[in-house]
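A quick write-up on the structure given underneath.
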Amino acid sequence: MKYYSLNYNSKSTQFHEAVKKGLAPDRGLYFPESIPQLPQSFFDEIEKMSIPEMAYKVIKPYVGNQILKEKLMEIVTETLDFEFPIIEITDQIAAMELFQGPTLAFKDVGARFMARSLGHFNEKSKEKVTVLVATSGDTGGAVANGFLGVEGVEVVILYPKGKVSEIQEKQLTTLGQNITALEVDGVFDDCQEMVKSAFLDAELSSIGLTSANSINIARWLPQMFYYFIAYRSLKHLNKKLVFSVPSGNFGNICAGIMGQKMGLPIDHFIASTNENDSVPRYMETGIYDPQPTIQTISNAMDVGNPSNFIRIQKIFNNDMVKMKKTLSAFRYTDQETKEALKEIYDLKGYVADPHGAVGYLGLKEYLSQHGEDHYGLFLETAHPVKFIDVVKKTLKIEVEVPERLNSTLSKEKESIPIKDYSELRAYLLN
Ligand SMILES: *Cc1c(COP(=O)(O)O)cnc(C)c1O
């Protein structure tokens, strides 16, 4: 498989090179030259395969022969080494928990796959790589955890000061070793812009920069696994499957749509956003008009200009009619989100997190216009404890902190404050 740049001004490249670069030299996102098609036999036998076997078959055509069979199997097995429970909320709605990994957010899957792939490439080349990543909350922790101790890889995380939860901050500022956290006086989009500028900076090319945001294909593509895992569990229902995906940078939902294009029988996708609603507005007006980030209680989705949206447009060749057949988009306020948290709790005693609650709202809205032959999942993208203040206040309950978080929470935060790109640059050149 080759990957080309969506700015169309860089040479196509192989998986390894695209992962190492993150962003193409012309600053475009990489996109596969074709979308592989899975044979009918794959779907007929899906329930008989183990999850790693299935995931291997899904990702193999994207990796090609760049990672040997046994190694790739090992990577997917380690990546998916936890549960993905599906919890029934009503007879038509379930939550799919993607947060059972080490940092309690769905980004563990992409981060682990990327860290292991890059670590593997590095074993052979011995070149140093610096992973630069902007986080609106959960990416930082997942990437830090995935890359901790990986030889030859330095990780630099940019996060917006005062705009991530306490647990999130601890997860990315307490690991030490090859992980450094830069605390940016700004919002997430400022962090994301700085990362993009660093990639453009000729003087930085000598330090081997790559990105671990979902712009990196090794972070983005493995997110397809969730949708295949869900289908594998729910195939027997014989219903039209619908996914509502709490969306910020639109990497997760875009991966799901790729899965559908590979043949996965999914009827519809719903992009559920908070008030950072560039995509819902685009779907209404046909004009893509990104706005500055607004701070909300679902902070991992506080993204004014979602970087993966261009990939979604590419999948549909910029055809809005086709896009609307597969994708709907809805936005919700913080107030609505809190009410949804309560509603889910009242229905089943289930404690959702604010991101999942936004997903629930989008799903409910879509299903209210569609028949009973539909079955919907909203993705629970983070453990509620990561947003403990909001959840406690809204539901008036205690939320237990999982054991595996305690050691992180007891450590001291270590970060370097920065204000602008020149300070990031100075740091990297040192
Ligand atoms: C990152 C994140 C999202 C948004 O995912 P995208 O792929 O950026 O759209 C949603 N919820 C949580 C909890 C996240 O960490």
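Residue numbering restarts at 1 in every chain; chains get A, B, ... in the order shown in the structure tokens, and ligands count up from 1 in that same order.
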Checklist entry - Could you name the residues that touch A:Ser214 at 9 Å or less, counting only C-alpha atoms, but leaving out those on the same chain fewer than 5 positions away, as a list in words? => result Gly110, Arg219, Trp220, Leu221, Asn249, Phe250, Gly251, Asn252, Ser307 and Asn308 of chain A
Next on the checklist: Could you list, as a ChimeraX atom specification, all residues that come within 7 Å of ligand 1? Count only C-alpha atoms and all ligand atoms.
Outcome noted: /A:105-107,137-139,214,246-253,300-301,355,381-382
Can those selected residues be exported to a file as a compact mmCIF listing (two decimals), in the first residue's frame so that it contains all heavy atoms?
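New file again.txt:
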```
# COMPACT_ATOMS: atom_id res chain seq x y z
N ALA A 105 -8.82 5.78 28.23
CA ALA A 105 -9.48 6.45 27.10
C ALA A 105 -9.23 5.63 25.84
O ALA A 105 -8.29 4.85 25.77
CB ALA A 105 -8.95 7.86 26.91
N PHE A 106 -10.09 5.81 24.84
CA PHE A 106 -10.00 4.95 23.66
C PHE A 106 -8.70 5.13 22.90
O PHE A 106 -8.31 4.27 22.12
CB PHE A 106 -11.19 5.21 22.72
CG PHE A 106 -11.04 6.43 21.84
CD1 PHE A 106 -10.54 6.29 20.55
CD2 PHE A 106 -11.39 7.68 22.29
CE1 PHE A 106 -10.41 7.40 19.73
CE2 PHE A 106 -11.25 8.79 21.47
CZ PHE A 106 -10.76 8.65 20.20
N LYS A 107 -8.01 6.22 23.16
CA LYS A 107 -6.80 6.49 22.37
C LYS A 107 -5.66 5.51 22.66
O LYS A 107 -4.68 5.48 21.92
CB LYS A 107 -6.35 7.92 22.61
CG LYS A 107 -7.35 8.90 22.04
CD LYS A 107 -6.84 10.31 22.09
CE LYS A 107 -7.78 11.25 21.36
NZ LYS A 107 -9.00 11.53 22.17
N GLY A 137 -6.55 16.50 25.76
CA GLY A 137 -6.86 15.84 27.02
C GLY A 137 -6.31 14.43 27.09
O GLY A 137 -5.42 14.14 27.87
N ASP A 138 -6.84 13.53 26.25
CA ASP A 138 -6.53 12.12 26.42
C ASP A 138 -5.37 11.61 25.57
O ASP A 138 -4.73 10.62 25.92
CB ASP A 138 -7.77 11.28 26.11
CG ASP A 138 -8.83 11.46 27.19
OD1 ASP A 138 -8.45 11.63 28.35
OD2 ASP A 138 -10.01 11.43 26.85
N THR A 139 -5.12 12.25 24.45
CA THR A 139 -4.05 11.77 23.58
C THR A 139 -2.72 11.74 24.32
O THR A 139 -1.96 10.78 24.22
CB THR A 139 -3.88 12.69 22.36
OG1 THR A 139 -5.13 12.78 21.71
CG2 THR A 139 -2.85 12.16 21.40
N SER A 214 -3.86 11.88 15.52
CA SER A 214 -4.52 10.97 14.58
C SER A 214 -4.23 11.36 13.13
O SER A 214 -4.67 10.68 12.22
CB SER A 214 -6.02 10.89 14.85
OG SER A 214 -6.58 12.17 14.93
N PRO A 246 -18.58 10.27 19.53
CA PRO A 246 -18.25 11.59 20.06
C PRO A 246 -16.98 12.09 19.36
O PRO A 246 -15.95 11.46 19.44
CB PRO A 246 -17.98 11.32 21.54
CG PRO A 246 -18.42 9.93 21.83
CD PRO A 246 -18.44 9.20 20.54
N SER A 247 -17.10 13.21 18.65
CA SER A 247 -16.02 13.58 17.73
C SER A 247 -15.40 14.93 18.03
O SER A 247 -16.10 15.89 18.37
CB SER A 247 -16.54 13.58 16.29
OG SER A 247 -16.90 12.26 15.92
N GLY A 248 -14.08 14.97 17.92
CA GLY A 248 -13.33 16.21 18.11
C GLY A 248 -12.45 16.47 16.90
O GLY A 248 -12.72 17.34 16.07
N ASN A 249 -11.40 15.66 16.76
CA ASN A 249 -10.55 15.76 15.58
C ASN A 249 -11.03 14.84 14.46
O ASN A 249 -10.42 14.78 13.39
CB ASN A 249 -9.11 15.41 15.95
CG ASN A 249 -8.18 16.59 15.75
OD1 ASN A 249 -8.42 17.43 14.87
ND2 ASN A 249 -7.12 16.68 16.52
N PHE A 250 -12.07 14.08 14.69
CA PHE A 250 -12.72 13.23 13.69
C PHE A 250 -11.84 12.08 13.18
O PHE A 250 -12.08 11.56 12.09
CB PHE A 250 -13.27 14.07 12.53
CG PHE A 250 -14.56 14.77 12.89
CD1 PHE A 250 -14.56 15.81 13.82
CD2 PHE A 250 -15.77 14.37 12.35
CE1 PHE A 250 -15.74 16.44 14.20
CE2 PHE A 250 -16.96 14.99 12.73
CZ PHE A 250 -16.94 16.03 13.64
N GLY A 251 -10.86 11.68 13.98
CA GLY A 251 -10.03 10.55 13.58
C GLY A 251 -10.76 9.23 13.77
O GLY A 251 -10.76 8.35 12.89
N ASN A 252 -11.41 9.09 14.92
CA ASN A 252 -12.10 7.85 15.25
C ASN A 252 -13.22 7.57 14.25
O ASN A 252 -13.28 6.50 13.64
CB ASN A 252 -12.64 7.99 16.68
CG ASN A 252 -13.19 6.69 17.25
OD1 ASN A 252 -13.19 5.67 16.58
ND2 ASN A 252 -13.67 6.75 18.47
N ILE A 253 -14.09 8.53 14.04
CA ILE A 253 -15.21 8.29 13.13
C ILE A 253 -14.72 8.06 11.70
O ILE A 253 -15.25 7.23 10.97
CB ILE A 253 -16.25 9.45 13.20
CG1 ILE A 253 -17.54 9.02 12.51
CG2 ILE A 253 -15.72 10.74 12.59
CD1 ILE A 253 -18.73 9.91 12.84
N ALA A 300 -12.09 16.78 25.52
CA ALA A 300 -11.28 16.08 24.50
C ALA A 300 -11.86 16.31 23.10
O ALA A 300 -11.24 15.95 22.11
CB ALA A 300 -11.20 14.59 24.81
N MET A 301 -13.04 16.93 23.05
CA MET A 301 -13.63 17.25 21.74
C MET A 301 -13.64 18.76 21.49
O MET A 301 -14.34 19.23 20.60
CB MET A 301 -15.06 16.73 21.66
CG MET A 301 -15.19 15.28 22.07
SD MET A 301 -16.71 14.55 21.50
CE MET A 301 -17.91 15.36 22.52
N HIS A 355 -18.32 12.79 27.19
CA HIS A 355 -18.16 12.52 25.75
C HIS A 355 -19.16 11.47 25.29
O HIS A 355 -19.84 11.64 24.28
CB HIS A 355 -16.73 12.07 25.44
CG HIS A 355 -15.71 13.06 25.90
ND1 HIS A 355 -15.34 13.16 27.22
CD2 HIS A 355 -15.02 14.01 25.23
CE1 HIS A 355 -14.47 14.14 27.34
NE2 HIS A 355 -14.26 14.67 26.15
N THR A 381 -15.95 6.85 25.11
CA THR A 381 -14.55 7.05 24.72
C THR A 381 -13.61 7.24 25.91
O THR A 381 -12.40 7.16 25.74
CB THR A 381 -14.45 8.25 23.76
OG1 THR A 381 -15.23 9.32 24.29
CG2 THR A 381 -14.96 7.88 22.39
N ALA A 382 -14.17 7.54 27.09
CA ALA A 382 -13.32 7.69 28.27
C ALA A 382 -14.04 7.19 29.51
O ALA A 382 -15.27 7.19 29.57
CB ALA A 382 -12.92 9.14 28.46
```
Next on the checklist: Quick one: residues within 12 Å of A:Gln295, only C-alpha atoms, excluding same-chain residues fewer than 4 positions away - as a VMD selection string?
Outcome noted: chain A and resid 136 to 137 160 162 to 164 186 to 189 274 to 276 299 to 304 333 to 334
Residues from the last selection, C-alpha atoms, saved as a CSV table (one decimal), in the first residue's frame:
```
chain,number,residue,atom,x,y,z
A,136,SER,CA,-6.9,18.2,24.1
A,137,GLY,CA,-6.9,15.8,27.0
A,160,PRO,CA,-3.3,23.7,26.9
A,162,GLY,CA,-5.7,24.8,32.7
A,163,LYS,CA,-7.8,23.1,30.0
A,164,VAL,CA,-7.4,19.4,30.7
A,186,GLY,CA,-3.3,28.8,24.9
A,187,VAL,CA,-6.0,26.4,23.7
A,188,PHE,CA,-5.8,23.1,21.9
A,189,ASP,CA,-5.8,24.6,18.4
A,274,ASN,CA,-20.2,19.6,21.6
A,275,GLU,CA,-20.5,23.3,20.7
A,276,ASN,CA,-17.3,23.0,18.6
A,299,ASN,CA,-12.9,18.8,26.6
A,300,ALA,CA,-11.3,16.1,24.5
A,301,MET,CA,-13.6,17.3,21.7
A,302,ASP,CA,-12.8,20.9,22.1
A,303,VAL,CA,-11.5,21.2,18.5
A,304,GLY,CA,-12.4,24.1,16.3
A,333,THR,CA,-24.6,22.1,24.7
A,334,ASP,CA,-23.0,21.4,28.0
```
Item to check | Members of stretch 205-303 of chain A assigned alpha helix (DSSP H) by DSSP, as an MDAnalysis selection string | outcome: chainID A and resid 217:220 224:234 251:261 278:285
Checklist entry - atom CA of A:Met323 and atom CA of A:Gly28 are how many Å apart? => result 21.5 Å
Item to check | Residue contacts of A:Leu80 (10 Å, only C-alpha atoms) excluding same-chain residues fewer than 2 positions away, as a list in words | outcome: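 Here the qualifying residues turn out to be Ile51, Pro52, Ala55, Ile75, Val76, Thr77, Glu78, Phe82, Glu83, Phe84, Gly101, Asp108, Val109, Gly110, Arg112, Phe113, Pro222, Phe225 and Tyr226 of chain A.
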Checklist entry - Got a sec: who's within 9 Å of A:Ala212, counting only C-alpha atoms, leaving out chain neighbours fewer than 3 positions off, as number ranges by chain? => result A: 19, 22, 110-111, 114-115, 131-134, 139, 143, 215-219
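Per DSSP on the backbone, strand (DSSP E or B) in stretch 34-201 of chain A comprises Ile86, Ile87, Glu88, Ile93, Ala94, Ala95, Met96, Glu97, Ala105, Val129, Thr130, Val131, Leu132, Val133, Ala134, Val153, Glu154, Val155, Val156, Ile157, Leu158, Tyr159, Pro160, Ile179, Thr180, Ala181, Leu182, Glu183 and Val184 of chain A.
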Same residues, N, CA, C and O atoms, output as a compact mmCIF listing (two decimals), in the first residue's frame:
```
# COMPACT_ATOMS: atom_id res chain seq x y z
N ILE A 86 -19.83 -4.23 25.68
CA ILE A 86 -21.00 -3.53 25.11
C ILE A 86 -22.11 -3.63 26.16
O ILE A 86 -22.50 -4.72 26.57
N ILE A 87 -22.57 -2.46 26.64
CA ILE A 87 -23.51 -2.42 27.76
C ILE A 87 -24.85 -1.92 27.26
O ILE A 87 -24.95 -0.80 26.74
N GLU A 88 -25.89 -2.74 27.45
CA GLU A 88 -27.21 -2.37 26.97
C GLU A 88 -27.82 -1.25 27.83
O GLU A 88 -27.80 -1.32 29.06
N ILE A 93 -30.40 0.68 22.19
CA ILE A 93 -29.19 1.49 22.40
C ILE A 93 -28.24 0.81 23.36
O ILE A 93 -28.66 0.33 24.42
N ALA A 94 -26.97 0.77 22.97
CA ALA A 94 -25.95 0.24 23.90
C ALA A 94 -24.75 1.17 23.89
O ALA A 94 -24.51 1.91 22.94
N ALA A 95 -24.00 1.12 25.00
CA ALA A 95 -22.73 1.84 25.08
C ALA A 95 -21.62 0.85 24.79
O ALA A 95 -21.65 -0.26 25.30
N MET A 96 -20.67 1.23 23.96
CA MET A 96 -19.50 0.38 23.77
C MET A 96 -18.33 1.05 24.47
O MET A 96 -17.93 2.15 24.12
N GLU A 97 -17.79 0.35 25.47
CA GLU A 97 -16.73 0.94 26.28
C GLU A 97 -15.37 0.72 25.63
O GLU A 97 -14.90 -0.40 25.53
N ALA A 105 -8.82 5.78 28.23
CA ALA A 105 -9.48 6.45 27.10
C ALA A 105 -9.23 5.63 25.84
O ALA A 105 -8.29 4.85 25.77
N VAL A 129 14.07 9.31 16.83
CA VAL A 129 12.83 9.93 16.40
C VAL A 129 12.28 10.75 17.56
O VAL A 129 12.37 10.34 18.71
N THR A 130 11.74 11.94 17.24
CA THR A 130 11.05 12.72 18.25
C THR A 130 9.56 12.76 17.89
O THR A 130 9.19 13.20 16.81
N VAL A 131 8.76 12.24 18.79
CA VAL A 131 7.31 12.26 18.57
C VAL A 131 6.77 13.54 19.20
O VAL A 131 6.94 13.78 20.39
N LEU A 132 6.14 14.35 18.36
CA LEU A 132 5.58 15.61 18.85
C LEU A 132 4.07 15.48 18.80
O LEU A 132 3.51 15.09 17.77
N VAL A 133 3.41 15.79 19.89
CA VAL A 133 1.97 15.55 19.91
C VAL A 133 1.24 16.65 20.67
O VAL A 133 1.70 17.13 21.70
N ALA A 134 0.12 17.09 20.09
CA ALA A 134 -0.73 18.07 20.76
C ALA A 134 -1.90 17.32 21.37
O ALA A 134 -2.41 16.38 20.77
N VAL A 153 13.16 6.76 20.96
CA VAL A 153 12.03 7.66 20.72
C VAL A 153 11.88 8.64 21.88
O VAL A 153 11.75 8.24 23.03
N GLU A 154 11.96 9.94 21.56
CA GLU A 154 11.68 10.97 22.55
C GLU A 154 10.26 11.46 22.30
O GLU A 154 9.87 11.68 21.16
N VAL A 155 9.48 11.67 23.35
CA VAL A 155 8.11 12.13 23.18
C VAL A 155 7.96 13.52 23.80
O VAL A 155 8.35 13.73 24.96
N VAL A 156 7.45 14.47 23.01
CA VAL A 156 7.20 15.82 23.49
C VAL A 156 5.71 16.11 23.34
O VAL A 156 5.16 16.06 22.24
N ILE A 157 5.05 16.38 24.47
CA ILE A 157 3.59 16.58 24.48
C ILE A 157 3.26 18.04 24.73
O ILE A 157 3.77 18.64 25.69
N LEU A 158 2.42 18.63 23.88
CA LEU A 158 1.94 19.99 24.13
C LEU A 158 0.51 19.94 24.60
O LEU A 158 -0.33 19.31 23.95
N TYR A 159 0.23 20.57 25.74
CA TYR A 159 -1.16 20.59 26.20
C TYR A 159 -1.55 21.98 26.68
O TYR A 159 -0.70 22.74 27.13
N PRO A 160 -2.84 22.34 26.51
CA PRO A 160 -3.27 23.69 26.88
C PRO A 160 -3.42 23.83 28.39
O PRO A 160 -4.15 23.08 29.02
N ILE A 179 9.67 11.00 28.18
CA ILE A 179 8.44 11.78 27.98
C ILE A 179 8.59 13.18 28.59
O ILE A 179 8.91 13.31 29.77
N THR A 180 8.36 14.23 27.80
CA THR A 180 8.39 15.60 28.31
C THR A 180 7.05 16.29 28.00
O THR A 180 6.53 16.17 26.90
N ALA A 181 6.51 17.00 28.98
CA ALA A 181 5.24 17.72 28.78
C ALA A 181 5.50 19.22 28.73
O ALA A 181 6.16 19.77 29.61
N LEU A 182 5.00 19.88 27.67
CA LEU A 182 5.09 21.33 27.55
C LEU A 182 3.70 21.91 27.78
O LEU A 182 2.74 21.52 27.10
N GLU A 183 3.61 22.82 28.73
CA GLU A 183 2.32 23.38 29.13
C GLU A 183 2.14 24.71 28.39
O GLU A 183 2.85 25.68 28.66
N VAL A 184 1.21 24.74 27.45
CA VAL A 184 1.09 25.88 26.54
C VAL A 184 0.06 26.88 27.06
O VAL A 184 -1.07 26.50 27.40
```
Could you list, with a cut-off of 12 Å and counting only C-alpha atoms, the residues of stretch 34-72 of chain A near stretch 119-124 of chain A, each shown with its nearest atom pair and the distance in Å rounded to one decimal, rows sorted by chain and ascending number, as a tab-separated table?
```
residue	atom	partner	partner_atom	distance
A:Gln66	CA	A:Phe121	CA	9.0
A:Ile67	CA	A:His120	CA	8.4
A:Leu68	CA	A:His120	CA	10.5
A:Lys71	CA	A:His120	CA	8.6
A:Leu72	CA	A:His120	CA	9.8
```
Item to check | Counting only C-alpha atoms, the residue of A:Ile297, A:Val351, A:Ala202, A:Leu38 that sits nearest A:Val390 | outcome: A:Ile297
Checklist entry - Which residue, A:Asn145, A:Thr13, A:Gln40, A:Gln291, has the smallest gap to A:Met262 when you use only C-alpha atoms? => result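 The shortest atom-to-atom distance to A:Met262 comes from A:Gln40.
Atom CA of A:Thr293 is found 20.6 Å from atom CA of A:Pro417.
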Next on the checklist: Can you pull out the residues contacting A:Gly362? Cut-off 9 Å, using only C-alpha atoms, and skip same-chain residues under 2 positions away; I want them as a ChimeraX atom specification.
Outcome noted: /A:244-246,270-273,328-332,357-360,364-367,378
Item to check | Using only C-alpha atoms: which of A:Ile167, A:Ile294, A:Leu237, A:Ala352 has the shortest distance to A:Val401 | outcome: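 Nearest to A:Val401: A:Ile167.
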Item to check | Separation of atom CA of A:Phe15 from atom CA of A:Val63, in Å and rounded to one decimal | outcome: 5.7 Å
